[in-house]
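Undergrad: Structure in structure tokens, see below.
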There are 2 protein chains.
Amino acid sequence: MIAKVRAIIQEKESNLCVAADFTKCEKVLDLAEKIGDEICMLKTHVDILEDFTPDFPKKLRALADRQNFLIFEDRKFADIGNTVSLQFGGGIYHISEWADLINAHSIVGEGIIDGLKKVNKNSALILLAQMTPEGNLFDESYALKTVAMAQENSDFVVGFIGSSDRPEVLAKIRAAAGEDFLILTPGIKLSSESDGLGQTYNTPEKAIQNGADIIIVGRGIYESADPISEAEKYRAAGWNSMRKSANE
Amino acid sequence: MIAKVRAIIQEKESNLCVAADFTKCEKVLDLAEKIGDEICMLKTHVDILEDFTPDFPKKLRALADRQNFLIFEDRKFADIGNTVSLQFGGGIYHISEWADLINAHSIVGEGIIDGLKKVNKNSALILLAQMTPEGNLFDESYALKTVAMAQENSDFVVGFIGSSDRPEVLAKIRAAAGEDFLILTPGIKLSSESDGLGQTYNTPEKAIQNGADIIIVGRGIYESADPISEAEKYRAAGWNSMRKSANE
């Protein structure tokens with residue numbers, strides 16, 4: 001999966017992942033179709049959709065295949081192995097049928113990876129090594145234990161969520177993980193600010209400088225009146241920062 | 001909500017919470033009806049139900065009201081405030097409409113509590129201070145920060161998930177939290193064993209001795225051929241241990 005991600009990034013000159021945090025299926029599909037050519041991944045929260053039907057992942061999968069982007073279902077699994085097996089493979093959503101990437105909290109221990117792996121079909125796993133909100137309890141020791149857990153399961157885990165808010169820890173994650181894992185950094189906006197619920201933002205340049213392979217942009221694009229031109233701006237900012245960083 | 005929980009425990013002489021980890025609505029409702037008189041809470045995973053319809057929480061709510069037990073939706077929210085608002089209040093499940101109790105991971109920081117609170121109607125929140133699986137990354141410092149977060153939000157947070165596997169940490173959680181918060185301990189079986197996916201078990205007696213107010217029993221009851229008589233055994237074991245512990 002890492003090779004596939006890297007190939008898409010190079011081919012589309014895009015390390016941009018866009019969060020499509022809408023509550024109606026049609027809006028997600030509409031955004032995906034509009035910006036599909038600009039992104040390497042679309043990040044979904046299938047469980048916030050008020051009108052979800054099994055048709056939704058089918059349509060989204062078709063768009064992803066046609067426009068050559070990956071689907072990252074941001075489920076943040078966080079339960080014991082037996083439960084996450086059922087949440088990932090079953091329920092109403094059958095996430096294992098359509099997601100290229102999923103993520104999970106390492107706090108539960110390796111049983112969560114085993115539980116997801118047990119029902120996995122073609123997805124790869126991202127572990128949360130850091131998050132951006134103020135007052136979060138992620139620390140360096142936690143991040144490095146998460147990296148070790150990923151290394152023990154490199155047949156399934158392909159990367160980490162890492163935060164630009166603590167670049168010194170992110171640098172250690174990168175040093176420990178090497179280039180065999182991707183780092184995805186959320187909370188990206190061209191202008192830095194906060195959302196009043198503890199979420200803070202960083203710019204694409206800062207995130208890439210701090211070690212991100214992929215930048216995750218949410219409200220900066222999906223809440224924009226002109227998501228296509230915003231996506232193009234973020235794609236260019238992310239790609240140019242990556243090229244610059246590679247040449248340094 | 002704490003007063004309500006304690007009143008139900010006294011009235012029904014039950015500190016038993018049963019997990020109903022079925023993948024069909026009818027099986028959850030059937031179990032709830034059979035053992036409803038023996039329990040103070042039923043723990044649900046609404047997102048593992050393959051045939052969920054909005055009718056399910058309505059029927060479960062009616063049973064809960066008739067048989068005087070609380071519904072604890074074990075969603076383990078673990079995302080930023082803005083996302084958990086949507087996951088709790090919206091989506092297909094509308095958990096905020098029918099759950100008496102929900103839970104969340106404190107790792108995200110206080111923003112997760114704010115996000116849940118923002119759309120809350122009548123639910124109370126349990127924070128995960130510990131979990132039972134092998135190799136988990138919960139430690140003492142994390143648990144005590146979680147207690148502090150609960151104390152800052154005691155208008156909404158009513159308790160913790162605590163584990164009998166690390167009684168020395170659980171004792172510190174109790175000491176820090178006092179009697180103003182409930183401790184719920186999962187992973188309870190009359191016979192101790194492991195499930196092969198990292199989950200370990202403790203007996204009701206051990207859990208209560210270690211500070212649990214409520215014991216959470218899963219496979220010991222819902223996988224039993226005779227859940228009614230098993231529930232009665234666990235109810236008696238939990239209640240007798242609690243009375244014994246109160247008299248010591």
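Here's how to read the names in the structure tokens: chain A, B, ... by the order shown, residue numbers from 1 in each chain, ligand numbers from 1 in the order shown.
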Find the residues in chain B near chain A: any atom within 7 Å counts, using only C-alpha atoms. Write them as JSON, numbers by chain.

TA: {"B": [47, 48, 49, 50, 51, 52, 76, 78, 80, 81, 82, 86, 87, 90, 91, 92, 107, 108, 109, 110, 111, 114, 115, 131, 133, 134, 135, 136, 137, 138, 197, 198, 199]}

Undergrad: Hey, what does DSSP flag as strand (DSSP E) within region 20-104 of chain A? Can you give it to me as a list of chain:residue names?

TA: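 Taking region 20-104 of chain A and keeping strand (DSSP E) only, one gets A:Met41, A:Leu42, A:Lys43, A:Thr44, A:Leu70, A:Ile71, A:Phe72, A:Glu73, A:Asp74, A:Arg75, A:Lys76, A:Phe77, A:Leu101, A:Ile102, A:Asn103, A:Ala104.
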
Undergrad: Could you list, as a PDB file with all heavy atoms, in the first residue's frame, every residue within 12 Å of Gly218 (chain B), counting only C-alpha atoms and ignoring same-chain residues fewer than 2 positions away?

TA:
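File produced: out.pdb:
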```pdb
ATOM      1  N   ASN A  82     -11.698  -8.028  19.654  1.00  0.00           N
ATOM      2  CA  ASN A  82     -12.948  -8.674  19.269  1.00  0.00           C
ATOM      3  C   ASN A  82     -13.977  -7.652  18.777  1.00  0.00           C
ATOM      4  O   ASN A  82     -14.695  -7.888  17.803  1.00  0.00           O
ATOM      5  CB  ASN A  82     -13.510  -9.423  20.491  1.00  0.00           C
ATOM      6  CG  ASN A  82     -14.707 -10.280  20.151  1.00  0.00           C
ATOM      7  OD1 ASN A  82     -14.618 -11.161  19.297  1.00  0.00           O
ATOM      8  ND2 ASN A  82     -15.823 -10.006  20.806  1.00  0.00           N
ATOM      9  N   THR A  83     -14.035  -6.508  19.432  1.00  0.00           N
ATOM     10  CA  THR A  83     -15.010  -5.475  19.061  1.00  0.00           C
ATOM     11  C   THR A  83     -14.620  -4.794  17.752  1.00  0.00           C
ATOM     12  O   THR A  83     -15.475  -4.594  16.878  1.00  0.00           O
ATOM     13  CB  THR A  83     -15.147  -4.437  20.205  1.00  0.00           C
ATOM     14  OG1 THR A  83     -15.568  -5.128  21.378  1.00  0.00           O
ATOM     15  CG2 THR A  83     -16.163  -3.355  19.856  1.00  0.00           C
TER      16      THR A  83
ATOM     17  N   LEU B  16     -24.531  -5.061  38.204  1.00  0.00           N
ATOM     18  CA  LEU B  16     -24.135  -5.810  37.005  1.00  0.00           C
ATOM     19  C   LEU B  16     -24.513  -5.059  35.725  1.00  0.00           C
ATOM     20  O   LEU B  16     -25.672  -4.711  35.507  1.00  0.00           O
ATOM     21  CB  LEU B  16     -24.840  -7.177  37.019  1.00  0.00           C
ATOM     22  CG  LEU B  16     -24.682  -8.056  35.773  1.00  0.00           C
ATOM     23  CD1 LEU B  16     -23.219  -8.431  35.527  1.00  0.00           C
ATOM     24  CD2 LEU B  16     -25.556  -9.317  35.917  1.00  0.00           C
ATOM     25  N   CYS B  17     -23.495  -4.830  34.905  1.00  0.00           N
ATOM     26  CA  CYS B  17     -23.705  -4.300  33.557  1.00  0.00           C
ATOM     27  C   CYS B  17     -23.381  -5.433  32.590  1.00  0.00           C
ATOM     28  O   CYS B  17     -22.316  -6.037  32.682  1.00  0.00           O
ATOM     29  CB  CYS B  17     -22.770  -3.115  33.309  1.00  0.00           C
ATOM     30  SG  CYS B  17     -22.754  -2.530  31.609  1.00  0.00           S
ATOM     31  N   VAL B  18     -24.303  -5.724  31.696  1.00  0.00           N
ATOM     32  CA  VAL B  18     -24.051  -6.803  30.739  1.00  0.00           C
ATOM     33  C   VAL B  18     -23.824  -6.234  29.346  1.00  0.00           C
ATOM     34  O   VAL B  18     -24.580  -5.371  28.878  1.00  0.00           O
ATOM     35  CB  VAL B  18     -25.214  -7.825  30.724  1.00  0.00           C
ATOM     36  CG1 VAL B  18     -25.076  -8.806  29.562  1.00  0.00           C
ATOM     37  CG2 VAL B  18     -25.243  -8.589  32.051  1.00  0.00           C
ATOM     38  N   ALA B  19     -22.752  -6.703  28.711  1.00  0.00           N
ATOM     39  CA  ALA B  19     -22.477  -6.335  27.318  1.00  0.00           C
ATOM     40  C   ALA B  19     -23.279  -7.263  26.423  1.00  0.00           C
ATOM     41  O   ALA B  19     -23.282  -8.474  26.627  1.00  0.00           O
ATOM     42  CB  ALA B  19     -20.991  -6.488  27.027  1.00  0.00           C
ATOM     43  N   ALA B  20     -23.961  -6.674  25.454  1.00  0.00           N
ATOM     44  CA  ALA B  20     -24.787  -7.465  24.539  1.00  0.00           C
ATOM     45  C   ALA B  20     -24.174  -7.364  23.150  1.00  0.00           C
ATOM     46  O   ALA B  20     -24.690  -6.701  22.260  1.00  0.00           O
ATOM     47  CB  ALA B  20     -26.220  -6.919  24.541  1.00  0.00           C
ATOM     48  N   ASP B  21     -23.046  -8.051  22.986  1.00  0.00           N
ATOM     49  CA  ASP B  21     -22.256  -7.879  21.755  1.00  0.00           C
ATOM     50  C   ASP B  21     -22.731  -8.770  20.619  1.00  0.00           C
ATOM     51  O   ASP B  21     -21.940  -9.498  20.009  1.00  0.00           O
ATOM     52  CB  ASP B  21     -20.771  -8.125  22.038  1.00  0.00           C
ATOM     53  CG  ASP B  21     -20.172  -7.004  22.889  1.00  0.00           C
ATOM     54  OD1 ASP B  21     -20.835  -5.969  23.058  1.00  0.00           O
ATOM     55  OD2 ASP B  21     -19.053  -7.184  23.385  1.00  0.00           O
ATOM     56  N   PHE B  22     -24.014  -8.681  20.343  1.00  0.00           N
ATOM     57  CA  PHE B  22     -24.565  -9.416  19.207  1.00  0.00           C
ATOM     58  C   PHE B  22     -24.528  -8.544  17.960  1.00  0.00           C
ATOM     59  O   PHE B  22     -24.485  -7.319  18.054  1.00  0.00           O
ATOM     60  CB  PHE B  22     -26.015  -9.823  19.481  1.00  0.00           C
ATOM     61  CG  PHE B  22     -26.155 -10.836  20.564  1.00  0.00           C
ATOM     62  CD1 PHE B  22     -26.828 -10.523  21.743  1.00  0.00           C
ATOM     63  CD2 PHE B  22     -25.644 -12.113  20.416  1.00  0.00           C
ATOM     64  CE1 PHE B  22     -26.974 -11.461  22.754  1.00  0.00           C
ATOM     65  CE2 PHE B  22     -25.792 -13.064  21.424  1.00  0.00           C
ATOM     66  CZ  PHE B  22     -26.456 -12.733  22.590  1.00  0.00           C
ATOM     67  N   LEU B  31     -32.021 -10.627  24.592  1.00  0.00           N
ATOM     68  CA  LEU B  31     -31.190 -10.736  25.805  1.00  0.00           C
ATOM     69  C   LEU B  31     -31.624  -9.696  26.840  1.00  0.00           C
ATOM     70  O   LEU B  31     -31.768 -10.009  28.024  1.00  0.00           O
ATOM     71  CB  LEU B  31     -29.706 -10.539  25.466  1.00  0.00           C
ATOM     72  CG  LEU B  31     -28.752 -10.661  26.663  1.00  0.00           C
ATOM     73  CD1 LEU B  31     -28.621 -12.122  27.109  1.00  0.00           C
ATOM     74  CD2 LEU B  31     -27.364 -10.095  26.351  1.00  0.00           C
ATOM     75  N   LEU B  42     -27.271  -2.066  30.534  1.00  0.00           N
ATOM     76  CA  LEU B  42     -26.962  -2.900  29.377  1.00  0.00           C
ATOM     77  C   LEU B  42     -25.967  -2.125  28.521  1.00  0.00           C
ATOM     78  O   LEU B  42     -26.172  -0.948  28.215  1.00  0.00           O
ATOM     79  CB  LEU B  42     -28.224  -3.193  28.560  1.00  0.00           C
ATOM     80  CG  LEU B  42     -28.002  -4.245  27.466  1.00  0.00           C
ATOM     81  CD1 LEU B  42     -28.028  -5.658  28.055  1.00  0.00           C
ATOM     82  CD2 LEU B  42     -29.057  -4.120  26.374  1.00  0.00           C
ATOM     83  N   LYS B  43     -24.882  -2.778  28.167  1.00  0.00           N
ATOM     84  CA  LYS B  43     -23.854  -2.110  27.352  1.00  0.00           C
ATOM     85  C   LYS B  43     -24.022  -2.548  25.897  1.00  0.00           C
ATOM     86  O   LYS B  43     -24.073  -3.738  25.602  1.00  0.00           O
ATOM     87  CB  LYS B  43     -22.456  -2.459  27.874  1.00  0.00           C
ATOM     88  CG  LYS B  43     -21.343  -1.659  27.201  1.00  0.00           C
ATOM     89  CD  LYS B  43     -20.011  -1.836  27.901  1.00  0.00           C
ATOM     90  CE  LYS B  43     -19.288  -3.097  27.494  1.00  0.00           C
ATOM     91  NZ  LYS B  43     -18.988  -3.214  26.043  1.00  0.00           N
ATOM     92  N   THR B  44     -24.111  -1.556  25.026  1.00  0.00           N
ATOM     93  CA  THR B  44     -24.353  -1.833  23.607  1.00  0.00           C
ATOM     94  C   THR B  44     -23.179  -1.361  22.740  1.00  0.00           C
ATOM     95  O   THR B  44     -22.429  -0.462  23.125  1.00  0.00           O
ATOM     96  CB  THR B  44     -25.629  -1.106  23.123  1.00  0.00           C
ATOM     97  OG1 THR B  44     -25.510   0.298  23.429  1.00  0.00           O
ATOM     98  CG2 THR B  44     -26.855  -1.662  23.790  1.00  0.00           C
ATOM     99  N   HIS B  45     -23.050  -2.009  21.577  1.00  0.00           N
ATOM    100  CA  HIS B  45     -22.192  -1.520  20.485  1.00  0.00           C
ATOM    101  C   HIS B  45     -23.100  -1.401  19.283  1.00  0.00           C
ATOM    102  O   HIS B  45     -23.205  -2.322  18.468  1.00  0.00           O
ATOM    103  CB  HIS B  45     -21.061  -2.504  20.166  1.00  0.00           C
ATOM    104  CG  HIS B  45     -19.898  -2.453  21.076  1.00  0.00           C
ATOM    105  ND1 HIS B  45     -19.126  -1.325  21.236  1.00  0.00           N
ATOM    106  CD2 HIS B  45     -19.346  -3.392  21.871  1.00  0.00           C
ATOM    107  CE1 HIS B  45     -18.152  -1.577  22.093  1.00  0.00           C
ATOM    108  NE2 HIS B  45     -18.265  -2.816  22.500  1.00  0.00           N
ATOM    109  N   THR B 185     -15.748  -1.729  35.794  1.00  0.00           N
ATOM    110  CA  THR B 185     -14.647  -2.625  35.423  1.00  0.00           C
ATOM    111  C   THR B 185     -15.126  -3.701  34.448  1.00  0.00           C
ATOM    112  O   THR B 185     -15.991  -4.505  34.783  1.00  0.00           O
ATOM    113  CB  THR B 185     -14.023  -3.263  36.685  1.00  0.00           C
ATOM    114  OG1 THR B 185     -13.455  -2.214  37.488  1.00  0.00           O
ATOM    115  CG2 THR B 185     -12.929  -4.240  36.312  1.00  0.00           C
ATOM    116  N   PRO B 186     -14.554  -3.679  33.236  1.00  0.00           N
ATOM    117  CA  PRO B 186     -14.919  -4.698  32.243  1.00  0.00           C
ATOM    118  C   PRO B 186     -14.010  -5.922  32.358  1.00  0.00           C
ATOM    119  O   PRO B 186     -13.138  -5.972  33.225  1.00  0.00           O
ATOM    120  CB  PRO B 186     -14.649  -3.982  30.923  1.00  0.00           C
ATOM    121  CG  PRO B 186     -13.508  -3.062  31.234  1.00  0.00           C
ATOM    122  CD  PRO B 186     -13.609  -2.704  32.706  1.00  0.00           C
ATOM    123  N   GLY B 187     -14.239  -6.874  31.471  1.00  0.00           N
ATOM    124  CA  GLY B 187     -13.379  -8.055  31.446  1.00  0.00           C
ATOM    125  C   GLY B 187     -13.641  -8.959  32.633  1.00  0.00           C
ATOM    126  O   GLY B 187     -12.713  -9.507  33.224  1.00  0.00           O
ATOM    127  N   ILE B 188     -14.923  -9.106  33.018  1.00  0.00           N
ATOM    128  CA  ILE B 188     -15.267  -9.923  34.186  1.00  0.00           C
ATOM    129  C   ILE B 188     -15.840 -11.268  33.747  1.00  0.00           C
ATOM    130  O   ILE B 188     -16.738 -11.328  32.901  1.00  0.00           O
ATOM    131  CB  ILE B 188     -16.324  -9.202  35.065  1.00  0.00           C
ATOM    132  CG1 ILE B 188     -15.841  -7.800  35.463  1.00  0.00           C
ATOM    133  CG2 ILE B 188     -16.685 -10.044  36.283  1.00  0.00           C
ATOM    134  CD1 ILE B 188     -14.665  -7.756  36.374  1.00  0.00           C
ATOM    135  N   LYS B 189     -15.304 -12.329  34.343  1.00  0.00           N
ATOM    136  CA  LYS B 189     -15.842 -13.675  34.140  1.00  0.00           C
ATOM    137  C   LYS B 189     -15.725 -14.421  35.456  1.00  0.00           C
ATOM    138  O   LYS B 189     -14.799 -14.175  36.227  1.00  0.00           O
ATOM    139  CB  LYS B 189     -15.035 -14.426  33.070  1.00  0.00           C
ATOM    140  CG  LYS B 189     -15.639 -14.343  31.676  1.00  0.00           C
ATOM    141  CD  LYS B 189     -15.065 -15.399  30.746  1.00  0.00           C
ATOM    142  CE  LYS B 189     -15.737 -15.306  29.372  1.00  0.00           C
ATOM    143  NZ  LYS B 189     -15.156 -16.253  28.414  1.00  0.00           N
ATOM    144  N   LEU B 190     -16.660 -15.349  35.692  1.00  0.00           N
ATOM    145  CA  LEU B 190     -16.553 -16.144  36.919  1.00  0.00           C
ATOM    146  C   LEU B 190     -15.308 -17.011  36.877  1.00  0.00           C
ATOM    147  O   LEU B 190     -14.731 -17.328  37.905  1.00  0.00           O
ATOM    148  CB  LEU B 190     -17.831 -16.963  37.146  1.00  0.00           C
ATOM    149  CG  LEU B 190     -19.019 -16.111  37.636  1.00  0.00           C
ATOM    150  CD1 LEU B 190     -20.328 -16.855  37.554  1.00  0.00           C
ATOM    151  CD2 LEU B 190     -18.784 -15.611  39.067  1.00  0.00           C
ATOM    152  N   ASP B 195      -8.888 -14.343  25.684  1.00  0.00           N
ATOM    153  CA  ASP B 195      -9.682 -14.617  24.470  1.00  0.00           C
ATOM    154  C   ASP B 195      -8.830 -14.801  23.214  1.00  0.00           C
ATOM    155  O   ASP B 195      -9.368 -14.977  22.130  1.00  0.00           O
ATOM    156  CB  ASP B 195     -10.736 -13.521  24.234  1.00  0.00           C
ATOM    157  CG  ASP B 195     -10.158 -12.263  23.613  1.00  0.00           C
ATOM    158  OD1 ASP B 195      -8.927 -12.060  23.704  1.00  0.00           O
ATOM    159  OD2 ASP B 195     -10.925 -11.477  23.041  1.00  0.00           O
ATOM    160  N   GLN B 199      -7.509  -9.853  25.233  1.00  0.00           N
ATOM    161  CA  GLN B 199      -8.411  -9.531  26.342  1.00  0.00           C
ATOM    162  C   GLN B 199      -8.219 -10.534  27.467  1.00  0.00           C
ATOM    163  O   GLN B 199      -8.166 -11.738  27.224  1.00  0.00           O
ATOM    164  CB  GLN B 199      -9.875  -9.534  25.851  1.00  0.00           C
ATOM    165  CG  GLN B 199     -10.924  -9.332  26.936  1.00  0.00           C
ATOM    166  CD  GLN B 199     -10.969  -7.916  27.499  1.00  0.00           C
ATOM    167  OE1 GLN B 199      -9.946  -7.321  27.849  1.00  0.00           O
ATOM    168  NE2 GLN B 199     -12.151  -7.358  27.592  1.00  0.00           N
ATOM    169  N   THR B 200      -8.082 -10.037  28.706  1.00  0.00           N
ATOM    170  CA  THR B 200      -7.953 -10.909  29.867  1.00  0.00           C
ATOM    171  C   THR B 200      -9.165 -10.712  30.778  1.00  0.00           C
ATOM    172  O   THR B 200      -9.873  -9.714  30.662  1.00  0.00           O
ATOM    173  CB  THR B 200      -6.665 -10.586  30.647  1.00  0.00           C
ATOM    174  OG1 THR B 200      -6.682  -9.187  30.973  1.00  0.00           O
ATOM    175  CG2 THR B 200      -5.434 -10.889  29.815  1.00  0.00           C
ATOM    176  N   TYR B 201      -9.403 -11.655  31.679  1.00  0.00           N
ATOM    177  CA  TYR B 201     -10.597 -11.603  32.529  1.00  0.00           C
ATOM    178  C   TYR B 201     -10.269 -11.650  34.013  1.00  0.00           C
ATOM    179  O   TYR B 201      -9.267 -12.221  34.419  1.00  0.00           O
ATOM    180  CB  TYR B 201     -11.535 -12.762  32.179  1.00  0.00           C
ATOM    181  CG  TYR B 201     -12.134 -12.610  30.806  1.00  0.00           C
ATOM    182  CD1 TYR B 201     -11.610 -13.286  29.720  1.00  0.00           C
ATOM    183  CD2 TYR B 201     -13.200 -11.738  30.602  1.00  0.00           C
ATOM    184  CE1 TYR B 201     -12.146 -13.110  28.450  1.00  0.00           C
ATOM    185  CE2 TYR B 201     -13.742 -11.558  29.341  1.00  0.00           C
ATOM    186  CZ  TYR B 201     -13.218 -12.253  28.264  1.00  0.00           C
ATOM    187  OH  TYR B 201     -13.747 -12.078  27.022  1.00  0.00           O
ATOM    188  N   ASN B 202     -11.149 -11.053  34.813  1.00  0.00           N
ATOM    189  CA  ASN B 202     -11.074 -11.127  36.262  1.00  0.00           C
ATOM    190  C   ASN B 202     -12.439 -11.508  36.824  1.00  0.00           C
ATOM    191  O   ASN B 202     -13.456 -11.305  36.170  1.00  0.00           O
ATOM    192  CB  ASN B 202     -10.652  -9.775  36.838  1.00  0.00           C
ATOM    193  CG  ASN B 202      -9.164  -9.535  36.632  1.00  0.00           C
ATOM    194  OD1 ASN B 202      -8.332 -10.229  37.190  1.00  0.00           O
ATOM    195  ND2 ASN B 202      -8.832  -8.574  35.786  1.00  0.00           N
ATOM    196  N   ILE B 215     -19.643  -4.000  37.689  1.00  0.00           N
ATOM    197  CA  ILE B 215     -18.891  -5.005  36.921  1.00  0.00           C
ATOM    198  C   ILE B 215     -19.529  -5.166  35.546  1.00  0.00           C
ATOM    199  O   ILE B 215     -20.753  -5.195  35.416  1.00  0.00           O
ATOM    200  CB  ILE B 215     -18.826  -6.364  37.659  1.00  0.00           C
ATOM    201  CG1 ILE B 215     -20.235  -6.881  38.005  1.00  0.00           C
ATOM    202  CG2 ILE B 215     -17.966  -6.256  38.919  1.00  0.00           C
ATOM    203  CD1 ILE B 215     -20.256  -8.323  38.512  1.00  0.00           C
ATOM    204  N   ILE B 216     -18.687  -5.220  34.535  1.00  0.00           N
ATOM    205  CA  ILE B 216     -19.180  -5.388  33.160  1.00  0.00           C
ATOM    206  C   ILE B 216     -18.859  -6.801  32.680  1.00  0.00           C
ATOM    207  O   ILE B 216     -17.692  -7.183  32.603  1.00  0.00           O
ATOM    208  CB  ILE B 216     -18.550  -4.364  32.199  1.00  0.00           C
ATOM    209  CG1 ILE B 216     -18.776  -2.930  32.709  1.00  0.00           C
ATOM    210  CG2 ILE B 216     -19.124  -4.531  30.785  1.00  0.00           C
ATOM    211  CD1 ILE B 216     -18.139  -1.844  31.834  1.00  0.00           C
ATOM    212  N   GLY B 220     -19.299 -14.066  29.208  1.00  0.00           N
ATOM    213  CA  GLY B 220     -19.750 -14.966  30.271  1.00  0.00           C
ATOM    214  C   GLY B 220     -21.267 -15.071  30.317  1.00  0.00           C
ATOM    215  O   GLY B 220     -21.820 -16.082  30.760  1.00  0.00           O
ATOM    216  N   ILE B 221     -21.965 -14.026  29.848  1.00  0.00           N
ATOM    217  CA  ILE B 221     -23.434 -14.060  29.849  1.00  0.00           C
ATOM    218  C   ILE B 221     -23.999 -14.157  28.437  1.00  0.00           C
ATOM    219  O   ILE B 221     -24.790 -15.040  28.135  1.00  0.00           O
ATOM    220  CB  ILE B 221     -24.012 -12.831  30.606  1.00  0.00           C
ATOM    221  CG1 ILE B 221     -23.652 -12.936  32.092  1.00  0.00           C
ATOM    222  CG2 ILE B 221     -25.525 -12.727  30.403  1.00  0.00           C
ATOM    223  CD1 ILE B 221     -24.102 -11.779  32.953  1.00  0.00           C
ATOM    224  N   TYR B 222     -23.567 -13.271  27.531  1.00  0.00           N
ATOM    225  CA  TYR B 222     -24.266 -13.256  26.242  1.00  0.00           C
ATOM    226  C   TYR B 222     -23.958 -14.474  25.382  1.00  0.00           C
ATOM    227  O   TYR B 222     -24.742 -14.821  24.497  1.00  0.00           O
ATOM    228  CB  TYR B 222     -24.072 -11.931  25.481  1.00  0.00           C
ATOM    229  CG  TYR B 222     -22.763 -11.732  24.760  1.00  0.00           C
ATOM    230  CD1 TYR B 222     -22.527 -12.318  23.511  1.00  0.00           C
ATOM    231  CD2 TYR B 222     -21.768 -10.924  25.292  1.00  0.00           C
ATOM    232  CE1 TYR B 222     -21.324 -12.110  22.838  1.00  0.00           C
ATOM    233  CE2 TYR B 222     -20.572 -10.714  24.629  1.00  0.00           C
ATOM    234  CZ  TYR B 222     -20.358 -11.315  23.401  1.00  0.00           C
ATOM    235  OH  TYR B 222     -19.172 -11.112  22.746  1.00  0.00           O
ATOM    236  N   GLU B 223     -22.823 -15.144  25.681  1.00  0.00           N
ATOM    237  CA  GLU B 223     -22.521 -16.363  24.929  1.00  0.00           C
ATOM    238  C   GLU B 223     -23.022 -17.618  25.632  1.00  0.00           C
ATOM    239  O   GLU B 223     -22.862 -18.726  25.125  1.00  0.00           O
ATOM    240  CB  GLU B 223     -21.000 -16.499  24.706  1.00  0.00           C
ATOM    241  CG  GLU B 223     -20.486 -15.599  23.603  1.00  0.00           C
ATOM    242  CD  GLU B 223     -18.994 -15.826  23.294  1.00  0.00           C
ATOM    243  OE1 GLU B 223     -18.310 -16.528  24.061  1.00  0.00           O
ATOM    244  OE2 GLU B 223     -18.540 -15.266  22.278  1.00  0.00           O
ATOM    245  N   SER B 224     -23.620 -17.437  26.814  1.00  0.00           N
ATOM    246  CA  SER B 224     -24.081 -18.590  27.586  1.00  0.00           C
ATOM    247  C   SER B 224     -25.359 -19.177  26.985  1.00  0.00           C
ATOM    248  O   SER B 224     -26.194 -18.465  26.427  1.00  0.00           O
ATOM    249  CB  SER B 224     -24.354 -18.151  29.024  1.00  0.00           C
ATOM    250  OG  SER B 224     -25.180 -19.081  29.676  1.00  0.00           O
ATOM    251  N   PRO B 227     -28.484 -17.540  29.600  1.00  0.00           N
ATOM    252  CA  PRO B 227     -28.054 -16.218  30.089  1.00  0.00           C
ATOM    253  C   PRO B 227     -28.802 -15.765  31.342  1.00  0.00           C
ATOM    254  O   PRO B 227     -28.226 -15.044  32.155  1.00  0.00           O
ATOM    255  CB  PRO B 227     -28.349 -15.280  28.906  1.00  0.00           C
ATOM    256  CG  PRO B 227     -29.294 -16.016  28.018  1.00  0.00           C
ATOM    257  CD  PRO B 227     -29.018 -17.475  28.224  1.00  0.00           C
ATOM    258  N   GLU B 230     -27.095 -17.376  34.300  1.00  0.00           N
ATOM    259  CA  GLU B 230     -25.751 -16.792  34.427  1.00  0.00           C
ATOM    260  C   GLU B 230     -25.825 -15.366  34.963  1.00  0.00           C
ATOM    261  O   GLU B 230     -25.034 -14.974  35.824  1.00  0.00           O
ATOM    262  CB  GLU B 230     -25.023 -16.805  33.077  1.00  0.00           C
ATOM    263  CG  GLU B 230     -24.522 -18.170  32.639  1.00  0.00           C
ATOM    264  CD  GLU B 230     -23.591 -18.827  33.655  1.00  0.00           C
ATOM    265  OE1 GLU B 230     -22.606 -18.187  34.057  1.00  0.00           O
ATOM    266  OE2 GLU B 230     -23.877 -19.974  34.053  1.00  0.00           O
ATOM    267  N   ALA B 231     -26.768 -14.588  34.438  1.00  0.00           N
ATOM    268  CA  ALA B 231     -26.910 -13.198  34.896  1.00  0.00           C
ATOM    269  C   ALA B 231     -27.237 -13.171  36.388  1.00  0.00           C
ATOM    270  O   ALA B 231     -26.701 -12.343  37.134  1.00  0.00           O
ATOM    271  CB  ALA B 231     -27.985 -12.470  34.090  1.00  0.00           C
ATOM    272  N   TYR B 234     -24.012 -13.823  38.292  1.00  0.00           N
ATOM    273  CA  TYR B 234     -23.114 -12.656  38.303  1.00  0.00           C
ATOM    274  C   TYR B 234     -23.693 -11.536  39.162  1.00  0.00           C
ATOM    275  O   TYR B 234     -22.963 -10.849  39.867  1.00  0.00           O
ATOM    276  CB  TYR B 234     -22.870 -12.156  36.877  1.00  0.00           C
ATOM    277  CG  TYR B 234     -21.799 -12.922  36.121  1.00  0.00           C
ATOM    278  CD1 TYR B 234     -22.125 -13.967  35.262  1.00  0.00           C
ATOM    279  CD2 TYR B 234     -20.452 -12.589  36.267  1.00  0.00           C
ATOM    280  CE1 TYR B 234     -21.147 -14.666  34.555  1.00  0.00           C
ATOM    281  CE2 TYR B 234     -19.468 -13.273  35.572  1.00  0.00           C
ATOM    282  CZ  TYR B 234     -19.812 -14.306  34.718  1.00  0.00           C
ATOM    283  OH  TYR B 234     -18.838 -14.986  34.033  1.00  0.00           O
TER     284      TYR B 234
END
```

Undergrad: By how many Å are CA of Ala129 (chain B) and CA of Leu127 (chain A) apart?

TA: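 Interatomic distance, CA of Ala129 (chain B) to CA of Leu127 (chain A): 20.0 Å.
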
Undergrad: Hey, what's within 8 Å of Arg174 (chain A) if we count only C-alpha atoms and toss same-chain stuff fewer than 5 positions away? As a VMD selection string, please?

TA: chain A and resid 179 183 211
